[in-house]
Each structure stands twice: as C-alpha cells, then as structure tokens.
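Have a look at coords39.txt; it's compact mmCIF, C-alpha atoms and all ligand atoms:
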# COMPACT_ATOMS: atom_id res chain seq x y z
CA MET A 1 -9.77 10.35 17.90
CA SER A 2 -8.10 8.51 15.05
CA LYS A 3 -8.58 9.60 11.48
CA LEU A 4 -8.26 6.96 8.77
CA ALA A 5 -6.97 7.26 5.22
CA ILE A 6 -7.16 4.66 2.51
CA ILE A 7 -4.57 4.80 -0.25
CA GLY A 8 -5.89 2.96 -3.28
CA GLY A 9 -3.59 1.44 -5.86
CA THR A 10 -4.10 -0.34 -9.16
CA GLY A 11 -7.66 -1.70 -9.21
CA LEU A 12 -8.90 0.65 -6.48
CA SER A 13 -9.19 4.17 -7.81
CA GLN A 14 -12.38 4.92 -5.92
CA ILE A 15 -14.37 3.47 -3.05
CA ASN A 16 -17.95 2.33 -3.39
CA GLY A 17 -20.13 3.50 -0.54
CA LEU A 18 -17.95 6.53 0.19
CA MET A 19 -20.15 9.57 0.78
CA ILE A 20 -17.96 12.32 -0.58
CA THR A 21 -18.18 15.61 1.27
CA ALA A 22 -15.27 17.45 -0.37
CA THR A 23 -12.13 17.08 -2.39
CA GLN A 24 -9.02 18.90 -1.33
CA ALA A 25 -6.01 19.64 -3.50
CA LEU A 26 -2.93 20.39 -1.41
CA LYS A 27 0.58 21.61 -2.08
CA THR A 28 3.19 20.39 0.37
CA PRO A 29 6.82 21.39 1.00
CA PHE A 30 7.63 18.23 -0.98
CA GLY A 31 5.44 19.00 -3.98
CA THR A 32 2.01 17.95 -5.14
CA PRO A 33 0.31 14.71 -4.05
CA SER A 34 -0.82 12.15 -6.64
CA ALA A 35 -4.38 13.53 -6.72
CA PRO A 36 -6.72 15.74 -4.71
CA PHE A 37 -7.62 14.07 -1.43
CA VAL A 38 -11.20 12.80 -1.32
CA LEU A 39 -12.84 13.53 2.02
CA GLY A 40 -15.92 11.64 3.05
CA SER A 41 -17.45 9.00 5.23
CA ILE A 42 -18.42 5.35 5.13
CA ASN A 43 -21.02 4.12 7.65
CA GLY A 44 -20.65 7.46 9.42
CA LYS A 45 -16.89 7.04 9.87
CA GLU A 46 -14.82 9.87 8.46
CA ILE A 47 -12.16 8.81 5.96
CA VAL A 48 -9.75 10.33 3.47
CA PHE A 49 -9.11 8.57 0.17
CA LEU A 50 -6.13 9.04 -2.11
CA ALA A 51 -5.58 7.43 -5.53
CA ARG A 52 -1.88 6.57 -5.37
CA HIS A 53 -1.35 6.51 -9.14
CA GLY A 54 -3.38 9.68 -9.71
CA ASN A 55 -6.76 10.20 -11.23
CA PRO A 56 -6.70 9.16 -14.06
CA HIS A 57 -4.39 6.29 -13.16
CA ILE A 58 -1.17 7.35 -14.92
CA ILE A 59 1.67 7.89 -12.43
CA PRO A 60 4.14 4.97 -12.54
CA PRO A 61 5.38 3.56 -9.20
CA HIS A 62 8.83 5.22 -9.37
CA LYS A 63 7.31 8.65 -10.17
CA ILE A 64 4.77 8.73 -7.35
CA ASN A 65 5.47 11.60 -4.98
CA TYR A 66 5.28 9.44 -1.85
CA ARG A 67 6.51 12.28 0.36
CA ALA A 68 3.81 14.70 -0.81
CA ASN A 69 1.16 12.00 -0.38
CA ILE A 70 2.12 11.14 3.19
CA TRP A 71 2.82 14.75 4.19
CA GLY A 72 -0.55 15.83 2.81
CA LEU A 73 -2.35 13.11 4.76
CA LYS A 74 -0.57 14.21 7.94
CA GLU A 75 -1.65 17.80 7.28
CA LEU A 76 -5.24 16.60 7.02
CA GLY A 77 -4.93 15.10 10.49
CA VAL A 78 -4.70 11.46 9.38
CA SER A 79 -3.36 9.12 12.06
CA GLU A 80 -3.94 5.74 10.38
CA ILE A 81 -3.40 4.56 6.81
CA ILE A 82 -4.63 1.42 5.13
CA ALA A 83 -2.67 1.00 1.92
CA VAL A 84 -4.25 -1.20 -0.73
CA ALA A 85 -1.69 -2.63 -3.13
CA ALA A 86 -1.77 -4.98 -6.10
CA VAL A 87 1.05 -7.52 -5.93
CA GLY A 88 2.47 -10.59 -7.61
CA GLY A 89 2.39 -13.88 -5.70
CA ILE A 90 5.67 -15.70 -5.07
CA THR A 91 5.08 -18.43 -2.49
CA SER A 92 2.43 -21.12 -2.92
CA ALA A 93 -0.33 -19.61 -0.75
CA MET A 94 -0.21 -16.34 -2.68
CA ALA A 95 -2.40 -17.36 -5.62
CA PRO A 96 -4.10 -14.81 -7.87
CA ALA A 97 -7.03 -12.94 -6.22
CA HIS A 98 -5.77 -13.95 -2.74
CA ILE A 99 -5.42 -11.28 -0.03
CA ALA A 100 -2.56 -10.96 2.45
CA ILE A 101 -1.82 -8.60 5.32
CA PRO A 102 1.98 -8.49 5.12
CA ASP A 103 4.09 -8.18 8.24
CA GLN A 104 7.52 -7.50 6.76
CA ILE A 105 9.18 -5.68 3.88
CA ILE A 106 12.34 -6.03 1.85
CA ASP A 107 13.06 -2.93 -0.21
CA TYR A 108 14.63 -3.44 -3.65
CA SER A 109 13.59 -0.03 -4.98
CA TYR A 110 16.12 2.71 -5.69
CA GLY A 111 16.40 6.38 -6.53
CA ARG A 112 13.13 7.36 -4.87
CA GLU A 113 12.78 10.35 -2.56
CA HIS A 114 12.45 8.18 0.50
CA THR A 115 12.77 10.34 3.60
CA PHE A 116 11.62 13.57 5.22
CA PHE A 117 14.97 13.76 7.02
CA THR A 118 16.93 15.43 4.28
CA GLY A 119 19.85 16.56 6.43
CA GLU A 120 18.71 20.19 6.43
CA SER A 121 17.17 20.15 9.90
CA GLU A 122 19.15 20.24 13.12
CA THR A 123 18.41 16.73 14.30
CA LEU A 124 19.45 13.54 12.61
CA THR A 125 16.75 10.94 13.11
CA HIS A 126 16.96 7.21 12.45
CA ILE A 127 13.47 5.79 12.84
CA ASP A 128 13.05 2.27 14.12
CA PHE A 129 11.67 0.10 11.31
CA THR A 130 11.95 -3.38 12.84
CA PHE A 131 8.23 -3.90 12.34
CA PRO A 132 7.28 -1.82 9.30
CA TYR A 133 3.53 -2.35 9.63
CA ASN A 134 1.49 -1.33 12.66
CA LYS A 135 0.70 -4.37 14.79
CA GLN A 136 -2.70 -3.20 16.05
CA MET A 137 -3.94 -2.19 12.60
CA ARG A 138 -2.86 -5.55 11.19
CA ALA A 139 -4.72 -7.32 14.00
CA ARG A 140 -7.86 -5.27 13.30
CA LEU A 141 -7.71 -6.07 9.58
CA ILE A 142 -7.29 -9.76 10.36
CA GLN A 143 -10.25 -9.58 12.75
CA ALA A 144 -12.35 -7.77 10.11
CA SER A 145 -11.61 -10.46 7.53
CA ALA A 146 -12.51 -13.25 9.98
CA LYS A 147 -15.87 -11.56 10.66
CA GLN A 148 -16.71 -11.73 6.96
CA ASN A 149 -15.16 -15.17 6.42
CA ILE A 150 -12.72 -13.74 3.91
CA ALA A 151 -9.79 -16.12 3.58
CA ILE A 152 -6.54 -14.20 3.89
CA SER A 153 -2.90 -14.79 4.73
CA THR A 154 -2.28 -13.12 8.07
CA LYS A 155 1.37 -12.42 7.31
CA GLY A 156 3.87 -12.33 4.49
CA ILE A 157 7.04 -10.62 3.37
CA TYR A 158 6.48 -7.92 0.76
CA GLY A 159 9.38 -7.27 -1.61
CA CYS A 160 9.26 -3.82 -3.23
CA THR A 161 10.77 -3.63 -6.71
CA GLN A 162 11.38 -0.53 -8.78
CA GLY A 163 9.11 -1.16 -11.76
CA PRO A 164 7.40 -0.17 -13.87
CA ARG A 165 8.48 -3.32 -15.66
CA LEU A 166 7.62 -6.64 -14.07
CA GLU A 167 10.46 -8.83 -12.83
CA THR A 168 12.46 -11.53 -14.57
CA ALA A 169 11.95 -15.14 -13.48
CA ALA A 170 15.48 -15.10 -12.00
CA GLU A 171 14.68 -11.97 -9.96
CA ILE A 172 11.57 -13.63 -8.56
CA ASN A 173 13.62 -16.74 -7.68
CA ARG A 174 16.13 -14.55 -5.90
CA MET A 175 13.35 -12.79 -4.01
CA GLU A 176 11.95 -16.16 -2.98
CA ARG A 177 15.37 -17.19 -1.67
CA ASP A 178 15.42 -13.90 0.26
CA GLY A 179 12.12 -14.94 1.88
CA CYS A 180 9.67 -12.74 -0.06
CA ASP A 181 6.09 -14.01 -0.40
CA LEU A 182 4.81 -11.08 -2.42
CA VAL A 183 6.20 -8.61 -4.92
CA GLY A 184 4.90 -5.11 -5.51
CA MET A 185 6.21 -1.74 -6.63
CA THR A 186 4.68 0.83 -4.29
CA GLY A 187 5.11 -0.41 -0.72
CA MET A 188 8.26 1.62 -0.27
CA PRO A 189 9.01 4.31 0.66
CA GLU A 190 5.32 4.75 1.51
CA ALA A 191 5.53 2.60 4.66
CA SER A 192 8.70 4.19 6.05
CA LEU A 193 7.52 7.74 5.31
CA ALA A 194 4.33 7.03 7.28
CA LYS A 195 6.51 5.76 10.13
CA GLU A 196 8.66 8.90 9.97
CA LEU A 197 5.54 10.98 10.57
CA ASN A 198 4.17 8.64 13.24
CA ILE A 199 1.18 7.53 11.20
CA ASP A 200 0.04 3.96 11.86
CA TYR A 201 0.24 2.06 8.58
CA ALA A 202 -0.86 -1.37 7.34
CA THR A 203 -1.26 -2.88 3.89
CA ILE A 204 -3.91 -5.02 2.25
CA ALA A 205 -2.07 -6.79 -0.55
CA VAL A 206 -4.17 -8.22 -3.37
CA VAL A 207 -2.53 -10.77 -5.61
CA ALA A 208 -3.02 -9.88 -9.26
CA ASN A 209 -0.82 -12.58 -10.84
CA TRP A 210 1.81 -15.19 -10.13
CA GLY A 211 5.25 -13.58 -10.01
CA ALA A 212 7.36 -13.99 -13.15
CA GLY A 213 8.23 -17.63 -13.84
CA LYS A 214 5.79 -18.97 -11.24
CA SER A 215 3.22 -19.90 -13.86
CA ALA A 216 3.57 -21.16 -17.41
CA GLY A 217 4.37 -18.46 -19.94
CA GLU A 218 4.37 -14.70 -19.61
CA ILE A 219 2.24 -12.40 -17.48
CA SER A 220 -0.63 -10.76 -19.33
CA MET A 221 -2.37 -7.54 -18.44
CA THR A 222 -5.76 -9.17 -19.09
CA GLU A 223 -4.93 -11.82 -16.51
CA ILE A 224 -3.92 -9.12 -14.01
CA GLU A 225 -7.13 -7.17 -14.56
CA ARG A 226 -9.33 -10.25 -14.21
CA HIS A 227 -7.79 -11.37 -10.92
CA LEU A 228 -7.70 -7.86 -9.52
CA GLU A 229 -11.38 -7.40 -10.17
CA LYS A 230 -12.13 -10.55 -8.19
CA GLY A 231 -9.68 -9.68 -5.41
CA MET A 232 -10.97 -6.13 -5.08
CA THR A 233 -14.51 -7.37 -4.35
CA ASN A 234 -13.07 -9.01 -1.24
CA VAL A 235 -11.03 -5.91 -0.41
CA ALA A 236 -14.18 -3.78 -0.53
CA GLN A 237 -15.92 -6.22 1.83
CA LEU A 238 -12.91 -6.28 4.12
CA LEU A 239 -12.77 -2.49 4.27
CA THR A 240 -16.50 -2.22 5.02
CA SER A 241 -16.12 -4.80 7.76
CA PHE A 242 -13.06 -2.98 9.17
CA LEU A 243 -14.95 0.31 9.28
CA SER A 244 -17.95 -1.14 11.04
CA CYS A 245 -16.34 -3.46 13.51
CA CYS A 246 -12.66 -3.00 14.19
N1 LIG A 301 5.47 -7.61 -9.74
C1 LIG A 301 5.52 -6.37 -9.19
N2 LIG A 301 4.43 -5.66 -8.93
C2 LIG A 301 3.23 -6.19 -9.21
C3 LIG A 301 3.11 -7.46 -9.79
C4 LIG A 301 4.28 -8.21 -10.06
O1 LIG A 301 4.25 -9.34 -10.58
N3 LIG A 301 1.78 -7.67 -9.98
C5 LIG A 301 1.14 -6.58 -9.50
N4 LIG A 301 2.01 -5.67 -9.04
Please, can you express the file's structure as structure tokens?
Amino acid sequence: MSKLAIIGGTGLSQINGLMITATQALKTPFGTPSAPFVLGSINGKEIVFLARHGNPHIIPPHKINYRANIWGLKELGVSEIIAVAAVGGITSAMAPAHIAIPDQIIDYSYGREHTFFTGESETLTHIDFTFPYNKQMRARLIQASAKQNIAISTKGIYGCTQGPRLETAAEINRMERDGCDLVGMTGMPEASLAKELNIDYATIAVVANWGAGKSAGEISMTEIERHLEKGMTNVAQLLTSFLSCC
C-alpha cells in the first residue's frame, strides 16, 4: 500500500484536520531533516507531514537539507510525496493566489547537495529525469481539483532559483524566454532526490506574487502573505479532496 507525505512550504507549516498520532525526529546518513516528521491521518488515511523550512519557519531555501528530508521520508516508508510550494507567477495565467500542477522543471539553483549518488558507492547511477513529476500523481491532483471546482493550471514549467533573494526583472524575463511559467526556490533538488529514491513526487504550486517586473513596482512581503493565505485555502481543499477521492 502507498504511504503519502506532504511537504509544506511557506504558508503551509501545518495541516488543518490532521489527527496527529506521533512526531518523529530522525537522523539520517545525510544529517538532520528540517523538522521532526509529523505522523497522523486525515479522513482515516495515514500521512506524514514535514515543514520544509523547519518549525519555526527559519531555514532558507539554499540551507534546507533536502537529502535528509527525502531520506527520512523513505525510511518512514513513504512512497508518494505531494510538495506544496509558494511560487512567483511569470506567464499570464499564473496570477497571484492561482494554483498550478507543474509538469516540468528548469533548475537554476547551485551549490546544493543535490544527489545521493556521491561517487562513494560501487555503481554510478544516472536517473532518468525526462518527466520530473509523477504522471499518475499529477493526474490524481488534477482530478481532485476538478471534483471541488478549484480552478488550476494543469501544467507549467517551474524554474528553481537559488534565493533567498527574489529575482531581478531581467532574470524573470530570461526565465520567461526559457519557457518558465513559475519561479520558486525549493523545487530542486527535492524532486530529483525523490526520483533517486523511487518516490513518486508531484507539486502543488501556489502563486504568491507576480515575478519581478511583471507587476508595477516592487514585490512586498505583505502582498505575498495576503495572496498565499487565499491560495492556501484552496490548497487545503484540494488536499482534502485528493485524500478522499483520488
Ligand atoms: N521568486 C522565487 N520564489 C518565490 C517567489 C518569487 O517571486 N514568490 C514565492 N516564492
């Protein structure tokens, strides 16, 4: 049977309706995960929750121990991950508070510990990463949103930047020319590490703001918080629907 984990990002540090049965702090060969894993159930379905930026929310995107997080989830028997991520919107459909289930990634991050294949084991493995997100999980998320009439984009290219600063307007223009619809800071190496450990992985991206230069003026944290609050209400509904139907 599959076991689901939800990794919550900015705006989702806990899950309403989660009946917590235990918390489990783990040490892994790659260090300590962002926070103790929260074990529990929603509607009778067992899930594991992890706050990606720690609890309290203080770990910046480039300092997150992605390897420990994914390794720890594997140790707990997790076979599927839904990653919730706040993003900036680049293309016109990706307005603040909108939700997208991305289907592709371009990785602009650097200097992160990004693989379990460190060259110390006997086999050299190159994982296939043609389709970074799991097709079936994406289809189930899309189905769950349709059931609740939540308007979403059913695909999109997620560009992962290094952060923690936001981008320049020129960087966002370049990303748009590259084909990116969304910009975030935590999608990689999380997605490829999950793939390395054979964990099915999909992302719910919640637009917090227009990417730099896509709206008048500068990006404010108050704006981000306001849109995220609205977007997260839909994410919560989508997750509940996913757990009950799909
Ligand atoms: N850029 C990168 N990451 C983000 C943004 C953004 O504009 N908004 C939320 N996460």
Which residues of chain A come within 10 Å of ligand LIG 301 (chain A), and what is each one's closest atom pair and distance in Å (one decimal), counting only C-alpha atoms and all ligand atoms, sorted by chain and residue number, as CSV?
residue,atom,partner,partner_atom,distance
A:Gly9,CA,A:LIG301,N4,9.6
A:Thr10,CA,A:LIG301,N4,8.1
A:Pro61,CA,A:LIG301,N2,9.3
A:Ala85,CA,A:LIG301,N4,7.6
A:Ala86,CA,A:LIG301,C5,4.8
A:Val87,CA,A:LIG301,C5,3.7
A:Gly88,CA,A:LIG301,O1,3.7
A:Gly89,CA,A:LIG301,O1,6.9
A:Ile90,CA,A:LIG301,O1,8.5
A:Pro96,CA,A:LIG301,N3,9.5
A:Gly159,CA,A:LIG301,C1,8.6
A:Cys160,CA,A:LIG301,C1,7.5
A:Thr161,CA,A:LIG301,C1,6.4
A:Gln162,CA,A:LIG301,C1,8.3
A:Gly163,CA,A:LIG301,C1,6.8
A:Pro164,CA,A:LIG301,N2,8.0
A:Arg165,CA,A:LIG301,C1,7.7
A:Leu166,CA,A:LIG301,N1,4.9
A:Glu167,CA,A:LIG301,N1,6.0
A:Thr168,CA,A:LIG301,N1,9.4
A:Ile172,CA,A:LIG301,N1,8.7
A:Leu182,CA,A:LIG301,N1,8.1
A:Val183,CA,A:LIG301,C1,4.9
A:Gly184,CA,A:LIG301,N2,3.5
A:Met185,CA,A:LIG301,N2,4.9
A:Thr186,CA,A:LIG301,N2,8.0
A:Gly187,CA,A:LIG301,N2,9.8
A:Ala205,CA,A:LIG301,N4,9.5
A:Val206,CA,A:LIG301,C5,8.3
A:Val207,CA,A:LIG301,C5,6.8
A:Ala208,CA,A:LIG301,C5,5.3
A:Asn209,CA,A:LIG301,N3,5.6
A:Trp210,CA,A:LIG301,O1,6.4
A:Gly211,CA,A:LIG301,O1,4.4
A:Ala212,CA,A:LIG301,O1,6.2
A:Gly213,CA,A:LIG301,O1,9.8
A:Lys214,CA,A:LIG301,O1,9.8
A:Ile219,CA,A:LIG301,O1,7.8
A:Met221,CA,A:LIG301,N3,9.4
A:Ile224,CA,A:LIG301,N3,7.1
A:Glu225,CA,A:LIG301,C5,9.7
A:Leu228,CA,A:LIG301,C5,8.9
Spatial neighbours of Ala83 in chain A, 7 Å, all atoms listed in the file, chain gap at least 5 places, as number ranges by chain:
A: 6-8, 202-204
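Among the candidate residues A:Ser153, A:Asn234, A:Thr23, A:Asn198, the one lying nearest to Ser92 in chain A is A:Ser153, with distances computed using all atoms listed in the file.
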Pull the closest atom pair for each residue of range 164-244 of chain A that gets at most 8 Å from range 135-152 of chain A, along with the distance in Å to one decimal, counting only C-alpha atoms, ordering rows by chain and then ascending residue number, as CSV.
residue,atom,partner,partner_atom,distance
A:Asp200,CA,A:Met137,CA,7.4
A:Tyr201,CA,A:Met137,CA,7.2
A:Ala202,CA,A:Arg138,CA,6.0
A:Thr203,CA,A:Arg138,CA,7.9
A:Asn234,CA,A:Ile150,CA,7.0
A:Gln237,CA,A:Gln148,CA,7.6
A:Leu238,CA,A:Ser145,CA,5.5
A:Leu239,CA,A:Ala144,CA,7.9
A:Ser241,CA,A:Ala144,CA,5.3
A:Phe242,CA,A:Ala144,CA,4.9
For the selection just defined, write its residues with C-alpha atoms to a file, as a short mmCIF file (atom, residue, chain, number, x, y, z; two decimals), keeping the file's coordinate frame.
data_model
loop_
_atom_site.label_atom_id
_atom_site.label_comp_id
_atom_site.auth_asym_id
_atom_site.auth_seq_id
_atom_site.Cartn_x
_atom_site.Cartn_y
_atom_site.Cartn_z
CA ASP A 200 0.04 3.96 11.86
CA TYR A 201 0.24 2.06 8.58
CA ALA A 202 -0.86 -1.37 7.34
CA THR A 203 -1.26 -2.88 3.89
CA ASN A 234 -13.07 -9.01 -1.24
CA GLN A 237 -15.92 -6.22 1.83
CA LEU A 238 -12.91 -6.28 4.12
CA LEU A 239 -12.77 -2.49 4.27
CA SER A 241 -16.12 -4.80 7.76
CA PHE A 242 -13.06 -2.98 9.17
#
In terms of the shortest atom-to-atom distance over only C-alpha atoms, which of A:Ser34, A:Ser244, A:Thr154, A:Thr233 is closest to Ala93 in chain A?
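When distances to Ala93 in chain A are compared using only C-alpha atoms, the smallest one comes from A:Thr154.
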Kindly give the distance, in Å, that separates CA of Ile157 in chain A and CA of Phe129 in chain A, rounded to a single decimal.
14.1 Å
Go through A:Asn69, A:Asn55, A:Ser41, A:Thr32 one by one, measure the shortest atom-to-atom distance of each to Gln14 in chain A using only C-alpha atoms, and give the residue with the smallest value.
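Nearest to Gln14 in chain A: A:Asn55.
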Could you tell me how far CA of Val38 in chain A lies from CA of Ile20 in chain A, in Å and to one decimal?
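If I compute the distance from CA of Val38 in chain A to CA of Ile20 in chain A, I get 6.8 Å.
Shortest separation to Trp71 in chain A among A:Leu26, A:Met94, A:Met175, A:Met188 occurs at residue A:Leu26, atoms counted being all atoms listed in the file.
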Skip Gly156 in chain A itself and residues of its chain fewer than 2 positions away, then list as a ChimeraX atom specification all residues within 8 Å of it, counting all atoms listed in the file.
/A:100-104,153-154,158,180-182
Between CA of Gly17 in chain A and CA of Ser79 in chain A, what is the distance, to one decimal in Å?
21.7 Å
Considering all atoms listed in the file, state which residue in the set A:Leu124, A:Glu113, A:Lys155, A:Thr240 is at the smallest distance from Leu18 in chain A.
A:Thr240
Counting only C-alpha atoms, which residue out of A:Leu193, A:Met232, A:Ala68, A:Cys245 sits closest to Gly31 in chain A?
A:Ala68
